[in-house]
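Peer 1: Take a look at input-v2.txt, compact mmCIF, C-alpha atoms:
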# COMPACT_ATOMS: atom_id res chain seq x y z
CA MET A 241 -4.14 18.92 -41.94
CA THR A 242 -2.96 15.55 -43.22
CA PRO A 243 -4.03 12.69 -40.91
CA GLY A 244 -1.05 11.40 -38.97
CA LYS A 245 0.55 14.84 -38.75
CA ARG A 246 -2.04 16.71 -36.70
CA LYS A 247 -0.95 18.27 -33.45
CA VAL A 248 -2.94 17.33 -30.37
CA ALA A 249 -3.76 19.54 -27.40
CA VAL A 250 -5.37 19.19 -24.02
CA VAL A 251 -8.27 21.65 -24.20
CA GLY A 252 -10.16 20.82 -21.01
CA VAL A 253 -9.37 19.43 -17.56
CA SER A 254 -11.31 19.05 -14.34
CA LEU A 255 -11.70 17.25 -11.06
CA SER A 256 -14.96 16.03 -9.60
CA ASP A 257 -15.63 16.52 -5.92
CA CYS A 258 -12.72 14.82 -4.14
CA GLY A 259 -11.62 13.80 -0.69
CA ARG A 260 -14.56 12.64 1.41
CA VAL A 261 -17.57 12.10 -0.85
CA ASP A 262 -20.13 9.86 0.83
CA ASP A 263 -23.17 10.66 -1.30
CA ALA A 264 -22.03 9.87 -4.86
CA THR A 265 -21.51 6.77 -6.97
CA PRO A 266 -18.46 6.25 -9.19
CA TYR A 267 -20.74 6.86 -12.18
CA ALA A 268 -21.82 10.19 -10.73
CA LEU A 269 -18.20 11.25 -10.20
CA HIS A 270 -17.40 10.28 -13.81
CA ALA A 271 -20.29 12.45 -14.99
CA GLN A 272 -19.38 15.39 -12.78
CA ALA A 273 -15.76 15.39 -13.94
CA ALA A 274 -16.78 15.00 -17.60
CA ARG A 275 -19.25 17.89 -17.50
CA ARG A 276 -16.69 20.14 -15.86
CA ALA A 277 -13.97 19.27 -18.41
CA LEU A 278 -16.32 20.00 -21.33
CA ALA A 279 -17.32 23.29 -19.71
CA ASP A 280 -13.65 24.11 -19.13
CA ALA A 281 -12.98 23.66 -22.84
CA GLY A 282 -16.21 25.28 -23.97
CA MET A 283 -16.81 22.24 -26.16
CA ASP A 284 -20.16 20.62 -26.79
CA ARG A 285 -20.54 16.96 -25.88
CA SER A 286 -21.65 16.16 -29.43
CA LEU A 287 -18.11 16.81 -30.69
CA VAL A 288 -16.60 14.06 -28.54
CA ASP A 289 -16.10 10.95 -30.68
CA GLY A 290 -13.46 9.20 -28.56
CA PHE A 291 -13.75 7.89 -25.02
CA ALA A 292 -11.46 6.15 -22.54
CA SER A 293 -12.09 4.97 -19.00
CA ALA A 294 -10.84 2.29 -16.64
CA GLY A 295 -12.27 1.56 -13.22
CA LEU A 296 -11.04 -0.85 -10.58
CA GLY A 297 -12.44 -3.87 -12.41
CA THR A 298 -16.05 -2.68 -12.17
CA LEU A 299 -16.76 0.06 -14.72
CA PRO A 300 -16.52 -1.02 -18.36
CA PRO A 301 -16.10 1.98 -20.69
CA ALA A 302 -19.16 0.98 -22.73
CA GLU A 303 -21.33 1.39 -19.64
CA VAL A 304 -19.71 4.64 -18.59
CA ALA A 305 -19.99 6.10 -22.11
CA GLU A 306 -23.69 5.28 -22.18
CA TYR A 307 -24.15 6.85 -18.75
CA LEU A 308 -22.50 10.02 -20.07
CA GLY A 309 -24.64 10.03 -23.21
CA LEU A 310 -21.71 9.38 -25.54
CA ARG A 311 -21.60 7.17 -28.63
CA PRO A 312 -17.86 7.04 -29.41
CA THR A 313 -16.33 5.69 -32.60
CA TRP A 314 -12.98 5.24 -30.84
CA VAL A 315 -12.66 3.69 -27.38
CA ASP A 316 -9.88 2.57 -25.02
CA SER A 317 -10.04 0.52 -21.84
CA THR A 318 -6.32 -0.01 -21.22
CA ALA A 319 -5.71 -1.28 -17.70
CA VAL A 320 -2.13 -1.08 -16.47
CA GLY A 321 -2.73 0.26 -12.98
CA GLY A 322 -1.65 3.75 -12.02
CA SER A 323 0.04 4.37 -15.38
CA THR A 324 -3.22 3.74 -17.25
CA TRP A 325 -4.05 7.37 -17.87
CA GLU A 326 -0.70 8.42 -19.28
CA VAL A 327 -0.80 5.37 -21.56
CA MET A 328 -4.38 6.20 -22.58
CA ALA A 329 -3.38 9.79 -23.31
CA ALA A 330 -0.66 8.44 -25.59
CA HIS A 331 -3.12 6.18 -27.39
CA ALA A 332 -5.64 9.01 -27.74
CA THR A 333 -2.96 11.35 -29.08
CA ASP A 334 -1.98 8.80 -31.72
CA ALA A 335 -5.62 8.24 -32.68
CA ILE A 336 -6.31 11.94 -33.10
CA ALA A 337 -3.09 12.49 -35.03
CA ALA A 338 -4.04 9.63 -37.37
CA GLY A 339 -7.53 11.00 -37.95
CA HIS A 340 -9.29 8.15 -36.14
CA ALA A 341 -10.84 10.59 -33.64
CA GLU A 342 -11.33 14.33 -33.31
CA ALA A 343 -11.86 14.80 -29.58
CA VAL A 344 -11.21 12.18 -26.90
CA LEU A 345 -12.47 12.34 -23.34
CA LEU A 346 -10.52 10.51 -20.61
CA VAL A 347 -12.55 10.07 -17.41
CA TYR A 348 -12.08 8.40 -14.04
CA GLY A 349 -14.16 8.24 -10.87
CA SER A 350 -13.87 6.19 -7.68
CA THR A 351 -15.43 6.00 -4.24
CA ALA A 352 -12.51 4.03 -2.82
CA ARG A 353 -12.66 5.68 0.61
CA ALA A 354 -16.44 5.66 0.93
CA ASP A 355 -16.59 1.98 -0.02
CA ILE A 356 -14.25 1.02 2.80
CA LYS A 357 -16.09 3.26 5.24
CA ALA A 358 -19.37 1.57 4.33
CA GLY A 359 -17.86 -1.90 4.50
CA ARG A 360 -18.05 -2.44 0.75
CA ARG A 361 -15.25 -4.24 -1.08
CA THR A 362 -15.74 -3.26 -4.71
CA GLY A 363 -12.17 -3.59 -5.97
CA ASP A 364 -10.72 -6.51 -7.86
CA LEU A 365 -9.90 -8.87 -5.03
CA SER A 366 -7.84 -11.10 -7.33
CA PHE A 367 -5.37 -8.29 -7.98
CA GLY A 368 -1.92 -9.60 -7.14
CA ALA A 369 -3.15 -13.01 -5.94
CA LEU A 370 -3.84 -15.15 -9.02
CA GLY A 371 -1.69 -16.62 -11.77
CA PRO A 372 2.07 -16.63 -11.15
CA LEU A 373 1.60 -14.12 -8.32
CA GLN A 374 -0.13 -16.72 -6.15
CA PHE A 375 3.30 -18.18 -5.42
CA GLU A 376 4.50 -14.91 -3.89
CA VAL A 377 1.52 -14.22 -1.64
CA PRO A 378 2.32 -16.89 1.00
CA TYR A 379 5.64 -15.14 1.61
CA GLY A 380 4.04 -11.79 2.36
CA HIS A 381 4.53 -10.30 -1.08
CA THR A 382 1.48 -8.07 -0.89
CA LEU A 383 1.22 -4.78 -2.76
CA ILE A 384 2.75 -2.54 -0.09
CA ALA A 385 5.43 -5.09 0.78
CA LYS A 386 6.65 -5.15 -2.81
CA TYR A 387 7.26 -1.38 -2.75
CA ALA A 388 8.89 -1.69 0.65
CA MET A 389 11.28 -4.35 -0.63
CA ALA A 390 12.26 -2.14 -3.54
CA ALA A 391 12.87 0.81 -1.22
CA ARG A 392 15.06 -1.30 1.05
CA ARG A 393 17.09 -2.46 -1.93
CA HIS A 394 17.73 1.15 -2.97
CA MET A 395 18.77 1.98 0.58
CA HIS A 396 21.17 -0.98 0.61
CA ALA A 397 22.65 -0.27 -2.82
CA TYR A 398 23.00 3.50 -2.63
CA GLY A 399 22.83 4.52 1.00
CA THR A 400 19.47 6.22 0.66
CA THR A 401 18.21 7.13 4.13
CA LEU A 402 14.85 7.09 5.85
CA GLU A 403 15.20 10.83 6.38
CA GLN A 404 15.58 11.37 2.63
CA LEU A 405 12.48 9.32 1.88
CA ALA A 406 10.60 11.17 4.61
CA SER A 407 11.51 14.51 3.05
CA VAL A 408 9.40 13.55 0.01
CA ALA A 409 6.31 13.32 2.23
CA VAL A 410 7.17 16.56 4.03
CA GLN A 411 7.49 18.48 0.76
CA ALA A 412 4.31 16.96 -0.67
CA ARG A 413 2.46 18.21 2.40
CA ALA A 414 4.01 21.66 2.02
CA ASN A 415 2.61 21.81 -1.52
CA ALA A 416 -0.77 20.52 -0.32
CA ALA A 417 -0.89 23.36 2.21
CA LEU A 418 -1.23 25.70 -0.78
CA ASN A 419 -4.06 23.67 -2.32
CA PRO A 420 -7.49 24.36 -0.83
CA ASP A 421 -8.80 21.11 -2.34
CA ALA A 422 -6.12 18.89 -0.78
CA MET A 423 -7.39 16.34 1.73
CA PHE A 424 -4.54 16.94 4.22
CA ARG A 425 -2.92 20.38 4.54
CA THR A 426 -1.43 20.53 8.03
CA PRO A 427 2.39 20.73 7.77
CA ILE A 428 4.40 17.70 8.88
CA THR A 429 8.03 17.21 9.83
CA THR A 430 10.56 14.50 9.13
CA ASP A 431 10.12 13.32 12.73
CA ASP A 432 6.37 13.04 12.17
CA VAL A 433 6.99 10.71 9.25
CA LEU A 434 9.64 8.61 10.99
CA SER A 435 7.70 8.20 14.24
CA GLY A 436 4.42 7.11 12.66
CA PRO A 437 2.96 3.60 12.86
CA MET A 438 4.82 1.05 10.76
CA ILE A 439 2.92 -0.22 7.72
CA ALA A 440 5.59 -2.20 5.83
CA ASP A 441 9.22 -1.68 6.75
CA PRO A 442 10.60 0.91 5.96
CA PHE A 443 7.27 2.65 5.30
CA THR A 444 5.43 4.24 8.18
CA LYS A 445 1.95 5.64 7.61
CA LEU A 446 3.05 8.99 6.19
CA HIS A 447 5.29 7.28 3.63
CA CYS A 448 2.08 5.89 2.10
CA CYS A 449 -0.62 7.56 0.04
CA LEU A 450 -3.96 8.46 1.54
CA ARG A 451 -7.26 6.89 0.48
CA SER A 452 -9.88 9.21 -0.96
CA ASP A 453 -12.89 9.47 -3.22
CA GLY A 454 -12.82 11.51 -6.40
CA GLY A 455 -12.69 11.72 -10.15
CA ALA A 456 -10.95 13.56 -12.96
CA ALA A 457 -11.34 14.21 -16.66
CA VAL A 458 -9.05 15.33 -19.48
CA LEU A 459 -10.26 16.33 -22.95
CA LEU A 460 -7.87 16.09 -25.90
CA ALA A 461 -8.62 17.50 -29.35
CA ALA A 462 -7.09 17.96 -32.78
CA GLU A 463 -5.37 21.28 -33.40
CA GLU A 464 -8.13 22.63 -35.65
CA TYR A 465 -10.52 22.63 -32.68
CA VAL A 466 -8.23 24.70 -30.48
CA ARG A 467 -9.25 28.10 -31.82
CA ASP A 468 -12.87 27.48 -30.80
CA CYS A 469 -12.04 26.43 -27.22
CA ARG A 470 -12.19 28.85 -24.32
CA THR A 471 -8.88 27.72 -22.79
CA ALA A 472 -5.30 28.09 -23.92
CA PRO A 473 -4.08 24.79 -25.43
CA VAL A 474 -1.50 22.62 -23.73
CA TRP A 475 0.19 20.52 -26.38
CA ILE A 476 1.12 16.85 -26.14
CA LEU A 477 4.78 16.93 -27.18
CA GLY A 478 5.87 13.36 -26.58
CA THR A 479 4.77 10.14 -24.89
CA GLY A 480 6.28 6.84 -23.85
CA GLU A 481 5.06 3.62 -22.26
CA HIS A 482 6.68 0.46 -20.94
CA VAL A 483 5.64 -2.73 -19.17
CA SER A 484 8.40 -4.32 -17.14
CA HIS A 485 7.26 -7.30 -15.04
CA THR A 486 4.56 -8.66 -12.77
CA THR A 487 6.27 -11.19 -10.52
CA MET A 488 9.11 -9.89 -8.40
CA SER A 489 11.40 -12.67 -9.64
CA GLU A 490 11.14 -11.25 -13.16
CA TRP A 491 12.15 -7.72 -12.11
CA PRO A 492 15.83 -7.45 -13.05
CA ASP A 493 16.67 -4.57 -10.71
CA PHE A 494 14.52 -3.32 -7.83
CA THR A 495 16.20 0.08 -8.09
CA VAL A 496 15.14 0.72 -11.70
CA SER A 497 11.50 1.43 -12.58
CA PRO A 498 9.89 1.17 -16.04
CA ALA A 499 9.93 4.99 -16.14
CA ALA A 500 13.56 4.60 -17.24
CA VAL A 501 12.18 3.44 -20.60
CA SER A 502 8.92 5.40 -20.86
CA GLY A 503 10.67 8.60 -19.83
CA ARG A 504 13.48 8.20 -22.33
CA LEU A 505 10.99 7.59 -25.13
CA ALA A 506 8.79 10.54 -24.14
CA PHE A 507 11.68 12.99 -23.94
CA GLU A 508 13.19 11.78 -27.22
CA ARG A 509 9.87 12.08 -29.03
CA ALA A 510 9.24 15.52 -27.53
CA GLY A 511 12.72 16.73 -28.42
CA VAL A 512 13.38 18.10 -24.94
CA ARG A 513 15.71 17.24 -22.07
CA PRO A 514 14.81 16.57 -18.45
CA ASP A 515 16.71 19.68 -17.37
CA GLU A 516 14.32 21.79 -19.46
CA ILE A 517 11.25 20.64 -17.50
CA ASP A 518 9.67 23.24 -15.21
CA VAL A 519 7.12 21.08 -13.35
CA ALA A 520 6.93 17.31 -12.72
CA GLU A 521 3.81 15.43 -11.67
CA ILE A 522 4.83 11.92 -10.57
CA TYR A 523 2.78 9.03 -9.25
CA ASP A 524 3.47 8.82 -5.52
CA ALA A 525 1.64 5.97 -3.85
CA PHE A 526 4.78 5.77 -1.67
CA THR A 527 7.67 8.14 -1.08
CA TYR A 528 10.12 5.78 -2.78
CA MET A 529 8.12 6.02 -6.02
CA THR A 530 8.84 9.73 -6.26
CA LEU A 531 12.55 9.29 -5.57
CA VAL A 532 13.23 6.45 -7.98
CA THR A 533 11.05 7.92 -10.75
CA LEU A 534 12.99 11.18 -10.58
CA GLU A 535 16.17 9.14 -11.11
CA ASP A 536 14.73 7.12 -13.96
CA LEU A 537 13.32 10.16 -15.77
CA GLY A 538 16.83 11.60 -15.78
CA PHE A 539 16.49 14.44 -13.29
CA CYS A 540 19.44 13.00 -11.39
CA ALA A 541 21.76 10.03 -11.75
CA LYS A 542 20.91 6.56 -10.49
CA GLY A 543 21.57 6.37 -6.78
CA GLU A 544 21.52 10.15 -6.30
CA GLY A 545 17.77 10.45 -5.71
CA GLY A 546 18.12 10.62 -1.94
CA GLU A 547 20.32 13.68 -2.08
CA PHE A 548 18.26 15.20 -4.90
CA VAL A 549 14.94 15.21 -3.00
CA GLN A 550 16.33 17.06 0.01
CA LYS A 551 16.50 20.77 0.81
CA GLY A 552 13.10 21.79 -0.52
CA ARG A 553 13.88 21.08 -4.15
CA LEU A 554 10.42 19.52 -4.73
CA THR A 555 8.29 22.32 -3.29
CA VAL A 556 6.35 24.85 -5.37
CA GLY A 557 9.18 27.33 -4.93
CA GLY A 558 11.93 24.75 -5.34
CA GLU A 559 14.33 23.95 -8.14
CA LEU A 560 12.05 21.24 -9.57
CA PRO A 561 8.48 21.52 -8.25
CA VAL A 562 7.04 18.00 -7.98
CA ASN A 563 3.43 17.04 -7.27
CA THR A 564 2.43 20.63 -6.84
CA ASP A 565 -1.10 19.79 -5.69
CA GLY A 566 0.20 17.66 -2.81
CA GLY A 567 0.16 14.40 -4.73
CA GLY A 568 -1.25 11.10 -3.62
CA LEU A 569 0.55 11.51 -0.31
CA SER A 570 -1.51 14.55 0.73
CA ALA A 571 -4.01 15.79 -1.89
CA GLN A 572 -6.09 12.80 -3.04
CA HIS A 573 -5.64 9.21 -4.12
CA PRO A 574 -8.89 7.51 -5.22
CA GLY A 575 -7.41 4.25 -6.45
CA MET A 576 -5.65 5.03 -9.75
CA ARG A 577 -4.30 8.58 -9.67
CA GLY A 578 -2.63 8.91 -13.07
CA LEU A 579 -5.30 11.19 -14.56
CA PHE A 580 -4.88 13.66 -11.70
CA LEU A 581 -1.24 14.12 -12.71
CA LEU A 582 -2.29 15.32 -16.16
CA VAL A 583 -4.91 17.69 -14.72
CA GLU A 584 -2.39 19.34 -12.40
CA ALA A 585 0.30 19.59 -15.10
CA VAL A 586 -2.15 21.35 -17.43
CA ARG A 587 -3.32 23.73 -14.73
CA GLN A 588 0.27 24.68 -13.96
CA LEU A 589 1.06 25.36 -17.62
CA ARG A 590 -2.12 27.43 -18.01
CA GLY A 591 -1.38 29.45 -14.88
CA GLU A 592 -4.51 28.28 -13.09
CA ALA A 593 -3.05 26.72 -9.96
CA GLY A 594 -3.78 29.54 -7.50
CA GLN A 595 -1.48 29.78 -4.51
CA ARG A 596 0.50 26.76 -5.66
CA GLN A 597 1.24 28.24 -9.08
CA VAL A 598 4.84 27.71 -10.13
CA ARG A 599 6.59 30.80 -11.49
CA LYS A 600 9.86 31.05 -13.33
CA ALA A 601 12.28 33.98 -13.22
CA GLY A 602 10.48 37.25 -13.75
CA GLY A 603 7.16 35.71 -12.78
CA ARG A 604 6.79 33.83 -16.06
CA LEU A 605 4.60 30.75 -16.28
CA PRO A 606 6.23 27.34 -16.69
CA GLU A 607 6.55 26.21 -20.30
CA LEU A 608 7.20 22.47 -20.03
CA ALA A 609 5.79 19.80 -17.72
CA VAL A 610 6.03 16.05 -17.42
CA ALA A 611 3.44 13.65 -16.01
CA SER A 612 4.64 10.13 -15.25
CA GLY A 613 2.36 7.41 -13.91
CA THR A 614 3.41 4.07 -12.44
CA GLY A 615 1.23 0.96 -12.26
CA GLY A 616 1.30 -2.14 -10.11
CA TRP A 617 4.54 -2.51 -8.14
CA PHE A 618 6.65 -0.70 -10.74
CA CYS A 619 5.16 -3.06 -13.34
CA SER A 620 4.25 -0.39 -15.89
CA SER A 621 4.92 3.24 -16.67
CA GLY A 622 3.48 5.94 -18.90
CA THR A 623 5.14 9.32 -19.36
CA VAL A 624 3.73 12.39 -21.13
CA VAL A 625 5.64 15.59 -21.92
CA LEU A 626 3.41 18.65 -22.24
CA GLY A 627 4.18 22.14 -23.45
CA ARG A 628 2.56 25.55 -23.42
Would you mind giving the structure from this file in structure tokens?

Peer 2:
Amino acid sequence: MTPGKRKVAVVGVSLSDCGRVDDATPYALHAQAARRALADAGMDRSLVDGFASAGLGTLPPAEVAEYLGLRPTWVDSTAVGGSTWEVMAAHATDAIAAGHAEAVLLVYGSTARADIKAGRRTGDLSFGALGPLQFEVPYGHTLIAKYAMAARRHMHAYGTTLEQLASVAVQARANAALNPDAMFRTPITTDDVLSGPMIADPFTKLHCCLRSDGGAAVLLAAEEYVRDCRTAPVWILGTGEHVSHTTMSEWPDFTVSPAAVSGRLAFERAGVRPDEIDVAEIYDAFTYMTLVTLEDLGFCAKGEGGEFVQKGRLTVGGELPVNTDGGGLSAQHPGMRGLFLLVEAVRQLRGEAGQRQVRKAGGRLPELAVASGTGGWFCSSGTVVLGR
């Protein structure tokens, strides 16, 4: 196959132990996820010549690669927050297509929950507080407050209601109830969400993602390797990425996320339309993220997200199943969750999602999925369209 024209497939995916993991280091979770992804693909570690990782400011990919026993000739350490993994998948796909790598392993691991429990602060404490952002901090422009401001703007501009936002959390929990590995599975109601403790108006506790430990890995390979892998390939059909802003004053419209650009690019490059997608895995650190990303990816018109997310449309059995594992709101959220979106999308397309498996008419497996990650406070976005 001529370099630059090779097709690229996901041939292995995995999660490490997730949820409450008190007896592992981030390195150990990286290793566990990596071993499981290689075993999933049936591929020997010696074939991996590309590697990508990005921790919360503490795990350089050179160190992680050495820990895993890898000596890559292609490496990526892109760091754009929660969208990192979709952007890395795009970079890896381009590298494999161009012949710069044959098989690329994307790995993430974090003990975000255990660190807090033990009184350790291992994250990047400068995040959102240095450079131009230092002038926003005195006015309360912390991470959660930025999302809350954006949600309030959408409510003001389009009449989006608290009940509509709450329905996103309720449906995520309904999907998590079908996932034995989800951290929280007990059903919740709209009233449960609305009556919870206030975190940042309008977000109560259940509008916000949980905090967990965990890791994930995704293995991509050139098409000529697919026949030797033990799993059915899931093809990368199209990708898109976009960086919008950092300071809130440079964000032109709080109701439009960078997924409006990354999604358009990914769908155009894949040659498919949003209405052809069977499953959507969307970064959901907060309920508003799900709603506005659905708008910006083209699943509904701008301002219609509130109505779109109601009536069970996002559940496993709904019109557009979203975050079928329970998402960051209910399944797991160990810091940067973008890689988990790709794992779940692949499992759905391969028919390996157990009780939460999405089925089309006649019991057929889904054929197309989209994974869209968001970083910062809608600062960046990466979108990947996958096909069976």

Peer 1: Let me make sure I understand: among A:Pro514, A:Gly436, A:Gly615, A:Gly455, which one has the smallest atom-to-atom distance to Pro574 in chain A if we use all atoms listed in the file?

Peer 2: A:Gly455

Peer 1: Which residues, written as a list in words, have at least one atom at most 6 Å from Val250 in chain A, with only C-alpha atoms counted and residues fewer than 5 positions away on the same chain left out?

Peer 2: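 Once the nearby chain positions are removed, what remains is Leu459, Leu460, Pro473 and Val474 of chain A.
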
Peer 1: Write out, as a PDB file, in the frame of the given file, the residues just selected, with C-alpha atoms.

Peer 2:
ATOM      1  CA  LEU A 459     -10.260  16.330 -22.950  1.00  0.00           C
ATOM      2  CA  LEU A 460      -7.870  16.090 -25.900  1.00  0.00           C
ATOM      3  CA  PRO A 473      -4.080  24.790 -25.430  1.00  0.00           C
ATOM      4  CA  VAL A 474      -1.500  22.620 -23.730  1.00  0.00           C
TER       5      VAL A 474
END

Peer 1: Which residue out of A:Val410, A:Ala506, A:Ala461, A:Val583 has the minimum interatomic distance to Lys551 in chain A when all atoms listed in the file are used?

Peer 2: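 For Lys551 in chain A, the nearest of the given residues is A:Val410.
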
Peer 1: Of the residues A:Glu463, A:Gly321, A:Leu346, A:Val261, which is the one nearest to Asp289 in chain A, using all atoms listed in the file?

Peer 2: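 Counting all atoms listed in the file, the residue closest to Asp289 in chain A is A:Leu346.
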
Peer 1: So that I can check the surroundings of Leu505 in chain A, please list as a ChimeraX atom specification every protein, DNA and RNA residue that reaches within 9 Å of it, counting only C-alpha atoms and ignoring chain neighbours fewer than 6 positions away.

Peer 2: /A:478-481,623

Peer 1: Just the selected residues (C-alpha atoms), exported as a CSV table (one decimal), in the frame of the given file, please.

Peer 2:
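The file below, part_15.csv, is the result:
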chain,number,residue,atom,x,y,z
A,478,GLY,CA,5.9,13.4,-26.6
A,479,THR,CA,4.8,10.1,-24.9
A,480,GLY,CA,6.3,6.8,-23.8
A,481,GLU,CA,5.1,3.6,-22.3
A,623,THR,CA,5.1,9.3,-19.4

Peer 1: So that I can check the surroundings of His485 in chain A, please list as a list in words every protein, DNA and RNA residue that reaches within 12 Å of it, counting all atoms listed in the file and ignoring chain neighbours fewer than 3 positions away.

Peer 2: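 Once the nearby chain positions are removed, what remains is Val320, Pro372, Leu373, His482, Met488, Ser489, Glu490, Trp491, Pro492, Asp493, Phe494, Val496, Ser497, Pro498, Gly615, Gly616, Trp617, Phe618, Cys619, Ser620 and Ser621 of chain A.
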
Peer 1: Could you pull out every residue with an atom within 12 Å of (0.8, -6.2, -1.0), file coordinates, counting only C-alpha atoms, and send them as a list in words?

Peer 2: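 Those residues lying close to the given coordinates are Leu365, Ser366, Phe367, Gly368, Ala369, Leu373, Gln374, Glu376, Val377, Pro378, Tyr379, Gly380, His381, Thr382, Leu383, Ile384, Ala385, Lys386, Tyr387, Ala388, Met389, Ile439, Ala440, Met488, Gly616 and Trp617 of chain A.
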
Peer 1: In Å, with one decimal, what is the gap from CA of Arg285 in chain A to CA of Ala335 in chain A?

Peer 2: 18.6 Å

Peer 1: Between A:Asn419, A:Ser612, A:Thr429, A:Ser256, which has the minimum distance to Ser502 in chain A (counting only C-alpha atoms)?

Peer 2: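 Nearest to Ser502 in chain A: A:Ser612.
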
Peer 1: Identify which of the residues A:Val315, A:Leu626, A:Val408, A:Val586 lies closest to Gly546 in chain A, counting all atoms listed in the file when measuring atom-to-atom distances.

Peer 2: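 Residue with the minimum atom-to-atom distance to Gly546 in chain A: A:Val408.
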
Peer 1: Applying 12 Å and only C-alpha atoms, which residues near range 587-603 of chain A remain after dropping the ones on its own chain fewer than 5 positions away? List them as number ranges by chain.

Peer 2: A: 250-255, 280, 412-422, 458, 470-475, 516-521, 554-566, 580-582, 608-611, 625-628

Peer 1: Could the residues in this selection be written to a file with C-alpha atoms, as a short mmCIF file (atom, residue, chain, number, x, y, z; two decimals), in the coordinates of the input?

Peer 2:
data_model
loop_
_atom_site.label_atom_id
_atom_site.label_comp_id
_atom_site.auth_asym_id
_atom_site.auth_seq_id
_atom_site.Cartn_x
_atom_site.Cartn_y
_atom_site.Cartn_z
CA VAL A 250 -5.37 19.19 -24.02
CA VAL A 251 -8.27 21.65 -24.20
CA GLY A 252 -10.16 20.82 -21.01
CA VAL A 253 -9.37 19.43 -17.56
CA SER A 254 -11.31 19.05 -14.34
CA LEU A 255 -11.70 17.25 -11.06
CA ASP A 280 -13.65 24.11 -19.13
CA ALA A 412 4.31 16.96 -0.67
CA ARG A 413 2.46 18.21 2.40
CA ALA A 414 4.01 21.66 2.02
CA ASN A 415 2.61 21.81 -1.52
CA ALA A 416 -0.77 20.52 -0.32
CA ALA A 417 -0.89 23.36 2.21
CA LEU A 418 -1.23 25.70 -0.78
CA ASN A 419 -4.06 23.67 -2.32
CA PRO A 420 -7.49 24.36 -0.83
CA ASP A 421 -8.80 21.11 -2.34
CA ALA A 422 -6.12 18.89 -0.78
CA VAL A 458 -9.05 15.33 -19.48
CA ARG A 470 -12.19 28.85 -24.32
CA THR A 471 -8.88 27.72 -22.79
CA ALA A 472 -5.30 28.09 -23.92
CA PRO A 473 -4.08 24.79 -25.43
CA VAL A 474 -1.50 22.62 -23.73
CA TRP A 475 0.19 20.52 -26.38
CA GLU A 516 14.32 21.79 -19.46
CA ILE A 517 11.25 20.64 -17.50
CA ASP A 518 9.67 23.24 -15.21
CA VAL A 519 7.12 21.08 -13.35
CA ALA A 520 6.93 17.31 -12.72
CA GLU A 521 3.81 15.43 -11.67
CA LEU A 554 10.42 19.52 -4.73
CA THR A 555 8.29 22.32 -3.29
CA VAL A 556 6.35 24.85 -5.37
CA GLY A 557 9.18 27.33 -4.93
CA GLY A 558 11.93 24.75 -5.34
CA GLU A 559 14.33 23.95 -8.14
CA LEU A 560 12.05 21.24 -9.57
CA PRO A 561 8.48 21.52 -8.25
CA VAL A 562 7.04 18.00 -7.98
CA ASN A 563 3.43 17.04 -7.27
CA THR A 564 2.43 20.63 -6.84
CA ASP A 565 -1.10 19.79 -5.69
CA GLY A 566 0.20 17.66 -2.81
CA PHE A 580 -4.88 13.66 -11.70
CA LEU A 581 -1.24 14.12 -12.71
CA LEU A 582 -2.29 15.32 -16.16
CA LEU A 608 7.20 22.47 -20.03
CA ALA A 609 5.79 19.80 -17.72
CA VAL A 610 6.03 16.05 -17.42
CA ALA A 611 3.44 13.65 -16.01
CA VAL A 625 5.64 15.59 -21.92
CA LEU A 626 3.41 18.65 -22.24
CA GLY A 627 4.18 22.14 -23.45
CA ARG A 628 2.56 25.55 -23.42
#

Peer 1: Just checking: using only C-alpha atoms, which residue out of A:Ala390, A:Thr324, A:Ala281, A:Lys245 ends up closest to Gly339 in chain A?

Peer 2: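 Closest residue, counting only C-alpha atoms: A:Lys245.
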